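Trainee: Handing over work28.csv, CSV, C-alpha atoms and all ligand atoms.
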```
chain,number,residue,atom,x,y,z
T,1,MET,CA,55.0,28.3,24.8
T,2,TYR,CA,52.9,25.1,25.3
T,3,THR,CA,55.5,22.4,24.6
T,4,LYS,CA,55.3,20.4,27.9
T,5,ASN,CA,53.0,17.4,27.8
T,6,ILE,CA,50.6,18.9,25.4
T,7,THR,CA,49.6,17.7,21.9
T,8,ILE,CA,47.6,20.1,19.8
T,9,VAL,CA,46.1,17.8,17.3
T,10,LYS,CA,46.2,19.2,13.8
T,11,HIS,CA,44.1,17.8,10.9
T,12,PRO,CA,42.1,19.4,8.1
T,13,LEU,CA,39.0,17.4,9.3
T,14,ILE,CA,39.4,18.9,12.7
T,15,ASP,CA,39.7,22.5,11.3
T,16,HIS,CA,36.5,21.9,9.2
T,17,SER,CA,34.5,20.4,12.0
T,18,LEU,CA,35.7,22.9,14.6
T,19,THR,CA,34.5,25.8,12.4
T,20,ILE,CA,31.0,24.2,12.3
T,21,LEU,CA,31.0,23.6,16.1
T,22,ARG,CA,32.0,27.2,16.7
T,23,ASP,CA,29.4,28.7,14.4
T,24,LYS,CA,26.4,29.8,16.5
T,25,LYS,CA,24.0,29.0,13.7
T,26,THR,CA,24.9,25.3,13.9
T,27,LYS,CA,21.9,23.2,15.1
T,28,THR,CA,22.0,20.3,17.5
T,29,GLU,CA,22.1,17.5,14.9
T,30,GLU,CA,25.1,19.0,13.1
T,31,PHE,CA,26.8,19.9,16.3
T,32,ARG,CA,26.6,16.3,17.5
T,33,ARG,CA,27.9,15.0,14.2
T,34,HIS,CA,31.0,17.3,14.2
T,35,ALA,CA,31.7,16.8,17.9
T,36,ASN,CA,31.8,13.1,17.1
T,37,ILE,CA,34.3,13.6,14.3
T,38,VAL,CA,36.6,15.8,16.3
T,39,SER,CA,36.4,13.5,19.3
T,40,LYS,CA,37.3,10.5,17.2
T,41,ILE,CA,40.4,12.1,15.7
T,42,LEU,CA,41.5,13.3,19.1
T,43,LEU,CA,41.0,9.9,20.7
T,44,VAL,CA,43.0,8.1,17.9
T,45,GLU,CA,45.9,10.5,18.7
T,46,ALA,CA,45.6,10.1,22.4
T,47,ALA,CA,45.6,6.3,22.1
T,48,LYS,CA,48.7,6.2,19.9
T,49,HIS,CA,50.9,4.8,22.7
T,50,LEU,CA,48.6,2.4,24.4
T,51,PRO,CA,50.2,-0.9,25.3
T,52,LEU,CA,49.6,-4.0,23.3
T,53,LYS,CA,50.0,-7.7,24.1
T,54,ASN,CA,50.4,-10.8,21.9
T,55,LYS,CA,47.4,-12.9,21.1
T,56,LYS,CA,47.6,-16.3,19.2
T,57,ILE,CA,44.8,-16.6,16.7
T,58,GLU,CA,43.8,-18.8,13.7
T,59,THR,CA,43.1,-17.0,10.5
T,60,PRO,CA,41.1,-19.0,7.9
T,61,LEU,CA,44.5,-19.9,6.5
T,62,ALA,CA,47.1,-20.2,9.2
T,63,SER,CA,48.1,-19.6,12.9
T,64,MET,CA,49.6,-16.3,13.8
T,65,THR,CA,50.3,-14.1,16.7
T,66,GLY,CA,48.4,-10.8,16.5
T,67,ARG,CA,48.6,-7.7,18.8
T,68,ILE,CA,45.7,-6.6,20.9
T,69,LEU,CA,45.1,-3.9,23.5
T,70,THR,CA,45.7,-4.8,27.2
T,71,ASP,CA,42.7,-4.4,29.5
T,72,GLU,CA,44.5,-1.8,31.6
T,73,ILE,CA,42.6,1.2,30.2
T,74,VAL,CA,40.1,3.3,32.1
T,75,VAL,CA,38.0,6.1,30.6
T,76,VAL,CA,36.4,8.8,32.7
T,77,PRO,CA,34.0,11.2,31.0
T,78,VAL,CA,33.2,14.3,33.1
T,79,LEU,CA,29.4,14.6,33.2
T,80,ARG,CA,27.7,15.9,31.4
T,81,ALA,CA,29.6,17.2,28.3
T,82,GLY,CA,32.2,14.4,28.5
T,83,LEU,CA,29.5,11.9,27.6
T,84,ALA,CA,29.6,13.2,24.1
T,85,MET,CA,33.2,12.1,23.8
T,86,LEU,CA,32.5,8.7,25.4
T,87,PHE,CA,29.9,7.9,22.7
T,88,SER,CA,32.6,8.6,20.1
T,89,LEU,CA,35.2,6.4,21.8
T,90,GLN,CA,33.0,3.3,22.1
T,91,ASP,CA,33.7,2.2,18.5
T,92,PHE,CA,37.4,2.0,19.3
T,93,LEU,CA,37.4,0.7,22.8
T,94,PRO,CA,34.1,-1.1,23.3
T,95,SER,CA,35.2,-3.0,26.5
T,96,VAL,CA,37.1,-0.4,28.5
T,97,SER,CA,36.2,0.3,32.1
T,98,VAL,CA,34.3,3.5,32.4
T,99,GLY,CA,34.2,5.7,35.5
T,100,PHE,CA,32.0,8.8,36.0
T,101,ILE,CA,32.5,12.1,37.7
T,102,GLY,CA,29.7,14.7,37.6
T,103,LEU,CA,30.8,18.3,37.9
T,104,GLU,CA,28.8,21.4,37.3
T,105,ARG,CA,30.2,25.0,37.3
T,106,ASP,CA,28.4,27.5,39.5
T,107,GLU,CA,27.2,30.1,37.0
T,108,LYS,CA,28.4,33.0,39.2
T,109,THR,CA,31.7,31.8,40.4
T,110,ALA,CA,32.6,29.3,37.6
T,111,VAL,CA,33.8,27.0,40.4
T,112,ALA,CA,32.9,23.4,39.7
T,113,ARG,CA,30.8,21.4,42.3
T,114,GLU,CA,30.9,17.6,42.3
T,115,TYR,CA,27.5,16.0,42.3
T,116,TYR,CA,28.4,12.4,41.3
T,117,GLN,CA,31.3,10.0,41.4
T,118,LYS,CA,31.5,6.4,40.5
T,119,LEU,CA,35.0,5.1,39.6
T,120,PRO,CA,36.3,1.6,39.1
T,121,ASP,CA,39.4,0.3,40.9
T,122,ILE,CA,42.3,2.1,39.4
T,123,PHE,CA,45.9,0.8,39.6
T,124,ALA,CA,49.2,2.5,38.9
T,125,THR,CA,49.5,0.5,35.7
T,126,HIS,CA,46.2,1.7,34.3
T,127,HIS,CA,46.1,4.3,31.5
T,128,VAL,CA,43.4,6.7,32.4
T,129,PHE,CA,41.8,9.0,29.9
T,130,VAL,CA,39.7,11.9,31.2
T,131,LEU,CA,37.2,13.2,28.6
T,132,ASP,CA,35.7,16.7,28.7
T,133,PRO,CA,35.3,18.9,25.6
T,134,MET,CA,36.1,22.2,27.4
T,135,LEU,CA,39.2,23.1,29.4
T,136,ALA,CA,38.4,26.6,30.5
T,137,THR,CA,39.6,27.6,34.0
T,138,GLY,CA,40.8,24.0,34.4
T,139,GLY,CA,38.9,23.5,37.6
T,140,SER,CA,36.9,20.6,36.4
T,141,PHE,CA,39.9,18.6,35.0
T,142,ASP,CA,42.0,19.6,38.1
T,143,ASP,CA,39.4,18.2,40.5
T,144,THR,CA,38.9,15.1,38.4
T,145,ILE,CA,42.6,14.3,38.2
T,146,THR,CA,42.9,14.8,42.0
T,147,ALA,CA,40.0,12.3,42.5
T,148,LEU,CA,41.7,9.8,40.2
T,149,ARG,CA,45.0,10.2,42.0
T,150,ALA,CA,43.3,9.5,45.3
T,151,LYS,CA,42.0,6.2,43.7
T,152,GLY,CA,45.6,5.2,42.7
T,153,GLY,CA,45.7,6.6,39.1
T,154,LYS,CA,49.2,7.5,37.9
T,155,ARG,CA,49.2,7.5,34.1
T,156,ILE,CA,46.6,10.1,33.3
T,157,SER,CA,45.8,11.9,30.0
T,158,ILE,CA,43.1,14.5,29.4
T,159,VAL,CA,41.3,14.9,26.1
T,160,CYS,CA,39.5,18.1,25.3
T,161,ILE,CA,38.2,19.8,22.2
T,162,VAL,CA,38.8,23.5,23.0
T,163,SER,CA,41.1,24.7,25.7
T,164,ALA,CA,42.1,28.1,27.1
T,165,PRO,CA,45.6,29.2,28.2
T,166,ALA,CA,44.5,29.6,31.8
T,167,GLY,CA,43.3,26.0,32.0
T,168,ILE,CA,46.4,24.6,30.4
T,169,GLU,CA,48.6,26.5,32.8
T,170,ARG,CA,46.6,25.3,35.8
T,171,ILE,CA,46.9,21.6,34.7
T,172,GLN,CA,50.6,22.0,33.9
T,173,LYS,CA,51.3,23.6,37.3
T,174,ASN,CA,49.2,21.2,39.4
T,175,HIS,CA,49.6,18.0,37.4
T,176,PRO,CA,52.9,18.4,35.4
T,177,ASP,CA,52.9,14.7,34.5
T,178,VAL,CA,49.4,14.7,32.9
T,179,GLU,CA,49.3,14.6,29.1
T,180,ILE,CA,46.9,17.0,27.4
T,181,PHE,CA,45.4,16.3,24.0
T,182,THR,CA,43.4,19.2,22.5
T,183,ALA,CA,42.1,20.3,19.1
T,184,ALA,CA,42.5,24.0,19.8
T,185,VAL,CA,44.0,26.5,22.2
T,186,ASP,CA,41.9,29.6,22.1
T,187,THR,CA,42.7,33.2,23.1
T,188,SER,CA,41.3,33.8,26.6
T,189,LEU,CA,38.3,33.5,29.0
T,190,ASN,CA,35.6,36.2,29.3
T,191,SER,CA,34.3,37.6,32.5
T,192,LYS,CA,32.0,34.6,33.0
T,193,LYS,CA,35.0,32.2,32.4
T,194,TYR,CA,33.7,31.1,29.0
T,195,ILE,CA,36.4,30.3,26.4
T,196,VAL,CA,36.8,33.1,23.7
T,197,PRO,CA,36.2,32.7,20.8
T,198,GLY,CA,35.2,29.2,21.9
T,199,LEU,CA,31.9,27.6,20.9
T,200,GLY,CA,29.6,28.6,23.8
T,201,ASP,CA,28.2,26.1,26.3
T,202,PHE,CA,29.2,22.7,24.9
T,203,GLY,CA,26.8,20.7,27.0
T,204,ASP,CA,23.8,22.8,26.2
T,205,ARG,CA,24.6,22.8,22.5
T,206,TYR,CA,25.3,19.0,22.3
T,207,PHE,CA,22.3,18.0,24.4
T,208,GLY,CA,19.9,20.6,22.9
T,209,THR,CA,19.2,22.2,26.3
T,210,GLN,CA,19.8,25.9,25.3
G,1,LIG,C1,31.6,22.7,31.4
G,1,LIG,C2,32.5,21.8,30.6
G,1,LIG,C3,33.6,21.5,31.6
G,1,LIG,C4,33.7,22.7,32.4
G,1,LIG,C5,34.9,23.5,32.0
G,1,LIG,O1,30.7,22.0,32.2
G,1,LIG,O2,31.9,20.7,30.1
G,1,LIG,O3,33.2,20.4,32.5
G,1,LIG,O4,32.5,23.5,32.1
G,1,LIG,O5,35.1,24.6,32.7
G,1,LIG,P1,36.4,24.7,33.8
G,1,LIG,O6,37.6,24.3,33.0
G,1,LIG,O7,36.3,26.2,34.1
G,1,LIG,O8,36.1,23.9,35.0
G,1,LIG,P2,29.4,22.6,32.8
G,1,LIG,O9,29.7,23.0,34.3
G,1,LIG,O10,28.8,23.6,32.0
G,1,LIG,O11,28.5,21.3,33.0
G,1,LIG,P3,27.8,20.4,31.8
G,1,LIG,O12,28.9,19.5,31.3
G,1,LIG,O13,26.8,19.6,32.6
G,1,LIG,O14,27.2,21.3,30.8
G,2,LIG,N1,32.1,25.3,29.5
G,2,LIG,C1,31.6,25.4,28.3
G,2,LIG,O1,30.8,24.6,27.9
G,2,LIG,N2,32.1,26.4,27.5
G,2,LIG,C2,33.0,27.2,27.9
G,2,LIG,O2,33.5,28.1,27.1
G,2,LIG,C3,33.5,27.1,29.2
G,2,LIG,C4,33.1,26.1,30.0
```
Written as structure tokens, that's how I'd like the structure from this file.
Mentor:
Amino acid sequence: MYTKNITIVKHPLIDHSLTILRDKKTKTEEFRRHANIVSKILLVEAAKHLPLKNKKIETPLASMTGRILTDEIVVVPVLRAGLAMLFSLQDFLPSVSVGFIGLERDEKTAVAREYYQKLPDIFATHHVFVLDPMLATGGSFDDTITALRAKGGKRISIVCIVSAPAGIERIQKNHPDVEIFTAAVDTSLNSKKYIVPGLGDFGDRYFGTQ
């Protein structure tokens, strides 16, 4: 069913950490640790096709040409929960440009409201990664991608830990060229638009604000 522009990242370490994240008994410290593990594995997969350029270097023994990442990468965590994934990414890509979009779902309507936006210049050649652990209705990612397109972004990937079928369908319909990387596709959304079985409110559990 989900074959178009979606990678469901499979790894025993993801299965293990996801089970701990989903367990309602898991406390903040463990939740952060396992969110970090899943985020890192997802980000390694999402970065698989990033462009490289040559760099001449001297090893202690000889000259050689190595390969390094270009500087055409932009990362956009969706505040607040996307920050969790940004922390995990900084070991791999310590010097990328980072833009921020703050979105919060209304508790009654589940429609996201933007409260903050600070994006760097984005060009068509940039690879833009949008980070948010939860793809539920898809409203938050949809609005973020629309904002990034308005700034000139063309090559956009989204990285999320848990996704729901409704959110995937919305992104695939409205942004068919956007690549989705996710660790799990769950069954459905409940009446409050939470992912089921899901893991609850990611932001509250990660930041200890339950
Ligand atoms: C959560 C989550 C996503 C959004 C997903 O954020 O982090 O941003 O909901 O839902 P959607 O796909 O239906 O838009 P929330 O509004 O709870 O804010 P927070 O990150 O500040 O906790
Ligand atoms: N946001 C969350 O944190 N969890 C959900 O299940 C849906 C939206």
Trainee: Residues contacting ligand LIG 2 (chain G) - anything with an atom at most 6 Å away, using all atoms listed in the file - can you give me those as a compact mmCIF listing (two decimals) with C-alpha atoms, in the frame of the given file?
Mentor:
```txt
# COMPACT_ATOMS: atom_id res chain seq x y z
CA MET T 134 36.10 22.20 27.40
CA ALA T 136 38.40 26.60 30.50
CA TYR T 194 33.70 31.10 29.00
CA ILE T 195 36.40 30.30 26.40
CA GLY T 198 35.20 29.20 21.90
CA GLY T 200 29.60 28.60 23.80
CA ASP T 201 28.20 26.10 26.30
CA PHE T 202 29.20 22.70 24.90
CA GLY T 203 26.80 20.70 27.00
```
Trainee: Is it possible to get the residues within 9 Å of (42.0, -2.5, 41.8) (coordinates as in the file, counting all atoms listed in the file) written as a ChimeraX atom specification?
Mentor: /T:120-123,151-152
Trainee: So which residues touch Leu43 in chain T within 8 Å, counting all atoms listed in the file, skipping near sequence neighbours fewer than 3 positions away, as a list in words?
Mentor: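 Residues meeting the cut-off are Ser39, Lys40, Ala46, Ala47, Leu89 and Val159 of chain T.
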Trainee: CA of Gln172 in chain T and CA of Ala112 in chain T are how many Å apart?
Mentor: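 So the answer is 18.7 Å.
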Trainee: What do you get as a PDB file with C-alpha atoms, in the frame of the given file if you pick all residues at most 6 Å from ligand LIG 1 (chain G), counting all atoms listed in the file?
Mentor:
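Ended up saving to pocket-v1.pdb:
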```
ATOM      1  CA  LEU T  79      29.400  14.600  33.200  1.00  0.00           C
ATOM      2  CA  ARG T  80      27.700  15.900  31.400  1.00  0.00           C
ATOM      3  CA  ALA T  81      29.600  17.200  28.300  1.00  0.00           C
ATOM      4  CA  GLU T 104      28.800  21.400  37.300  1.00  0.00           C
ATOM      5  CA  ARG T 105      30.200  25.000  37.300  1.00  0.00           C
ATOM      6  CA  ALA T 110      32.600  29.300  37.600  1.00  0.00           C
ATOM      7  CA  ALA T 112      32.900  23.400  39.700  1.00  0.00           C
ATOM      8  CA  ASP T 132      35.700  16.700  28.700  1.00  0.00           C
ATOM      9  CA  PRO T 133      35.300  18.900  25.600  1.00  0.00           C
ATOM     10  CA  MET T 134      36.100  22.200  27.400  1.00  0.00           C
ATOM     11  CA  LEU T 135      39.200  23.100  29.400  1.00  0.00           C
ATOM     12  CA  ALA T 136      38.400  26.600  30.500  1.00  0.00           C
ATOM     13  CA  THR T 137      39.600  27.600  34.000  1.00  0.00           C
ATOM     14  CA  GLY T 138      40.800  24.000  34.400  1.00  0.00           C
ATOM     15  CA  GLY T 139      38.900  23.500  37.600  1.00  0.00           C
ATOM     16  CA  SER T 140      36.900  20.600  36.400  1.00  0.00           C
ATOM     17  CA  GLY T 203      26.800  20.700  27.000  1.00  0.00           C
ATOM     18  CA  ASP T 204      23.800  22.800  26.200  1.00  0.00           C
TER      19      ASP T 204
END
```
Trainee: Near Leu13 in chain T, within 12 Å and counting all atoms listed in the file, which residues show up once chain neighbours fewer than 6 positions away are dropped, as a PDB file with C-alpha atoms, in the coordinates of the input?
Mentor:
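Saved result, result_13.pdb, follows:
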```
ATOM      1  CA  THR T  19      34.500  25.800  12.400  1.00  0.00           C
ATOM      2  CA  ILE T  20      31.000  24.200  12.300  1.00  0.00           C
ATOM      3  CA  HIS T  34      31.000  17.300  14.200  1.00  0.00           C
ATOM      4  CA  ALA T  35      31.700  16.800  17.900  1.00  0.00           C
ATOM      5  CA  ASN T  36      31.800  13.100  17.100  1.00  0.00           C
ATOM      6  CA  ILE T  37      34.300  13.600  14.300  1.00  0.00           C
ATOM      7  CA  VAL T  38      36.600  15.800  16.300  1.00  0.00           C
ATOM      8  CA  SER T  39      36.400  13.500  19.300  1.00  0.00           C
ATOM      9  CA  LYS T  40      37.300  10.500  17.200  1.00  0.00           C
ATOM     10  CA  ILE T  41      40.400  12.100  15.700  1.00  0.00           C
ATOM     11  CA  LEU T  42      41.500  13.300  19.100  1.00  0.00           C
ATOM     12  CA  ALA T 183      42.100  20.300  19.100  1.00  0.00           C
TER      13      ALA T 183
END
```
Trainee: What does the distance between CA of Phe92 in chain T and CA of Ile57 in chain T come to in Å, to one decimal place?
Mentor: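 About the pair CA of Phe92 in chain T and CA of Ile57 in chain T: they are 20.2 Å apart.
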Trainee: Would you pick out the contacts of Pro176 in chain T at 12 Å or less, using all atoms listed in the file, so that residues sharing its chain but fewer than 2 positions from it are not included, and give the list as a list of chain:residue names?
Mentor: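 My reading of the contact set: T:Thr3, T:Lys4, T:Asn5, T:Ile6, T:Asp142, T:Ile145, T:Lys154, T:Arg155, T:Ile156, T:Ser157, T:Ile168, T:Glu169, T:Arg170, T:Ile171, T:Gln172, T:Lys173, T:Asn174, T:Val178, T:Glu179, T:Ile180.
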Trainee: What does the structure give for the distance between CA of Thr65 in chain T and CA of Leu93 in chain T, in Å to one decimal?
Mentor: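 Value for the CA of Thr65 in chain T-CA of Leu93 in chain T distance: 20.6 Å.
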Trainee: Counting only C-alpha atoms, note down every residue that has an atom within 7 Å of the point (30.8, 14.7, 33.4) (file coordinates), as a PyMOL selection string.
Mentor: chain T and resi 77-83+100-103
Trainee: Find the residues near Lys10 in chain T: any atom within 12 Å, counting only C-alpha atoms, skip ones fewer than 5 places away on the same chain, and give them as a list in words.
Mentor: Asp15, His16, Ser17, Leu18, Val38, Ile41, Leu42, Glu45, Ile161, Phe181, Thr182, Ala183, Ala184 and Val185 of chain T
